[in-house]
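Peer 1: One structure follows; several queries about it will come next.
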Amino acid sequence: MPAAHWLVKSEPNTYSYADLERDGHTVWDGVRNNAAALHLKAMSEGDEVLFYHSQEGLAVVGVAKVVRTAFLDPSDPAGRFVAVELAPVRALKRPVALAEMKAAPALAGMAMLRQSRLSVSPVTAAEWTAVLAMAGG
């Protein structure tokens with residue numbers, strides 16, 4: 001079964017793609033939206049992830065991969081939510097800005113654009129290919 005694709009959002013002043021590259025991996029925790037948490041639970045080891053800078057930059061800037069599937073979020077004292085572990089794959093040749101994504105017909109149905117408040121969302125294979133093409137490969 002081919003890897004699934006996802007998009008995660010992070011404010012770069014909180015945790016940027018450069019931070020992920022420096023650290024080599026990170027626990028993706030703190031997700032408290034139920035829909036986003038369900039997406040974390042659905043991730044499999046090896047799934048590919050677009051890393052999006054929110055608040056500042058507003059662009060997909062890198063590719064990561066899931067290296068550890070859902071486990072209890074250590075930042076959740078109630079034990080209700082999960083986290084995953086991500087590792088960097090590569091920075092994009094060129095960031096793909098939110099405005100570009102919104103203008104691309106191939107991305108019209110993209111979950112991140114339809115449910116912009118979600119910090120974790122699925123990406124179809126066609127959307128994945130389109131974003132990477134926009135980034136220059």
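Identifiers for the structure tokens are assigned positionally: chains receive A, B, ... in sequence, residues are indexed from 1 per chain, and ligands are indexed from 1 in the order shown.
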Excluding A:Val120 and its own-chain neighbours fewer than 6 positions away, which residues fall within 6 Å of it when counting only C-alpha atoms? Please give them as number ranges by chain.
Peer 2: A: 7-8, 36
Peer 1: Just the strand (DSSP E) stuff from chain A, please, per backbone DSSP, written as a VMD selection string.
Peer 2: chain A and resid 5 to 10 26 to 28 48 to 53 59 to 72 82 to 97 120 to 123
Peer 1: Can I get the selected residues back with C-alpha atoms, as a compact mmCIF listing (two decimals), in the first residue's frame?
Peer 2:
```
# COMPACT_ATOMS: atom_id res chain seq x y z
CA HIS A 5 0.13 12.15 2.42
CA TRP A 6 -0.58 14.79 5.04
CA LEU A 7 -0.06 18.45 5.81
CA VAL A 8 0.91 19.81 9.23
CA LYS A 9 0.98 23.45 10.23
CA SER A 10 3.32 25.17 12.63
CA THR A 26 10.33 15.85 16.72
CA VAL A 27 7.25 14.75 18.60
CA TRP A 28 4.25 16.40 16.93
CA GLU A 48 4.87 11.77 3.80
CA VAL A 49 4.01 15.16 5.27
CA LEU A 50 4.01 18.68 3.85
CA PHE A 51 5.30 21.14 6.47
CA TYR A 52 3.40 24.43 6.34
CA HIS A 53 4.45 27.64 8.09
CA ALA A 59 3.71 28.61 2.75
CA VAL A 60 4.57 24.95 2.44
CA VAL A 61 8.32 24.93 3.05
CA GLY A 62 9.39 21.30 3.47
CA VAL A 63 8.68 17.59 3.38
CA ALA A 64 8.80 15.37 6.45
CA LYS A 65 7.89 11.75 7.11
CA VAL A 66 6.17 9.89 9.92
CA VAL A 67 8.75 7.85 11.85
CA ARG A 68 6.57 6.86 14.80
CA THR A 69 2.82 6.37 14.69
CA ALA A 70 0.26 7.64 17.19
CA PHE A 71 1.07 7.38 20.88
CA LEU A 72 -0.31 9.17 23.92
CA VAL A 82 -2.15 11.48 20.58
CA ALA A 83 1.11 12.63 19.04
CA VAL A 84 3.30 11.26 16.24
CA GLU A 85 6.99 11.62 15.56
CA LEU A 86 8.19 13.34 12.39
CA ALA A 87 11.60 13.53 10.73
CA PRO A 88 12.73 15.90 7.97
CA VAL A 89 13.09 14.70 4.39
CA ARG A 90 13.99 17.90 2.52
CA ALA A 91 13.30 21.59 2.34
CA LEU A 92 11.42 22.59 -0.80
CA LYS A 93 13.42 24.25 -3.57
CA ARG A 94 10.91 27.08 -3.41
CA PRO A 95 8.21 27.65 -0.77
CA VAL A 96 4.65 27.32 -2.07
CA ALA A 97 2.63 30.26 -0.79
CA VAL A 120 -3.28 18.43 10.50
CA SER A 121 -5.06 17.44 7.30
CA PRO A 122 -4.92 14.79 4.57
CA VAL A 123 -3.47 15.51 1.12
```
Peer 1: Measure the distance from atom CA of A:Lys41 to atom CA of A:Asp19 in Å and round it to one decimal.
Peer 2: 23.7 Å
Peer 1: What's around A:Leu107 at 10 Å? Count only C-alpha atoms, leave out sequence neighbours fewer than 4 positions away in its own chain, and write the answer as a CSV table (one decimal) with C-alpha atoms, in the first residue's frame.
Peer 2:
```csv
chain,number,residue,atom,x,y,z
A,100,GLU,CA,-0.6,30.2,-5.0
A,101,MET,CA,-2.3,27.2,-3.5
A,102,LYS,CA,-5.6,29.0,-3.4
A,103,ALA,CA,-5.2,30.0,-7.1
A,111,ALA,CA,-8.7,19.9,2.9
A,112,MET,CA,-6.3,22.6,4.2
A,113,LEU,CA,-8.0,25.2,2.0
A,123,VAL,CA,-3.5,15.5,1.1
A,124,THR,CA,-4.5,13.5,-1.9
A,126,ALA,CA,-2.8,14.5,-7.0
A,127,GLU,CA,-2.6,17.5,-4.5
A,128,TRP,CA,0.8,16.2,-3.3
A,130,ALA,CA,0.7,19.5,-7.6
A,131,VAL,CA,2.3,21.2,-4.6
```
Peer 1: Let me make sure I understand: among A:Met43, A:Gln115, A:Ala4, A:Gly30, which one has the smallest atom-to-atom distance to A:Gly79 if we use only C-alpha atoms?
Peer 2: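 Among the listed residues, the smallest separation from A:Gly79 belongs to A:Gly30.
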Peer 1: Go ahead and compute the interatomic distance for atom CA of A:His39 and atom CA of A:Leu58, in Å to one decimal.
Peer 2: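 These atoms are spaced 21.2 Å apart.
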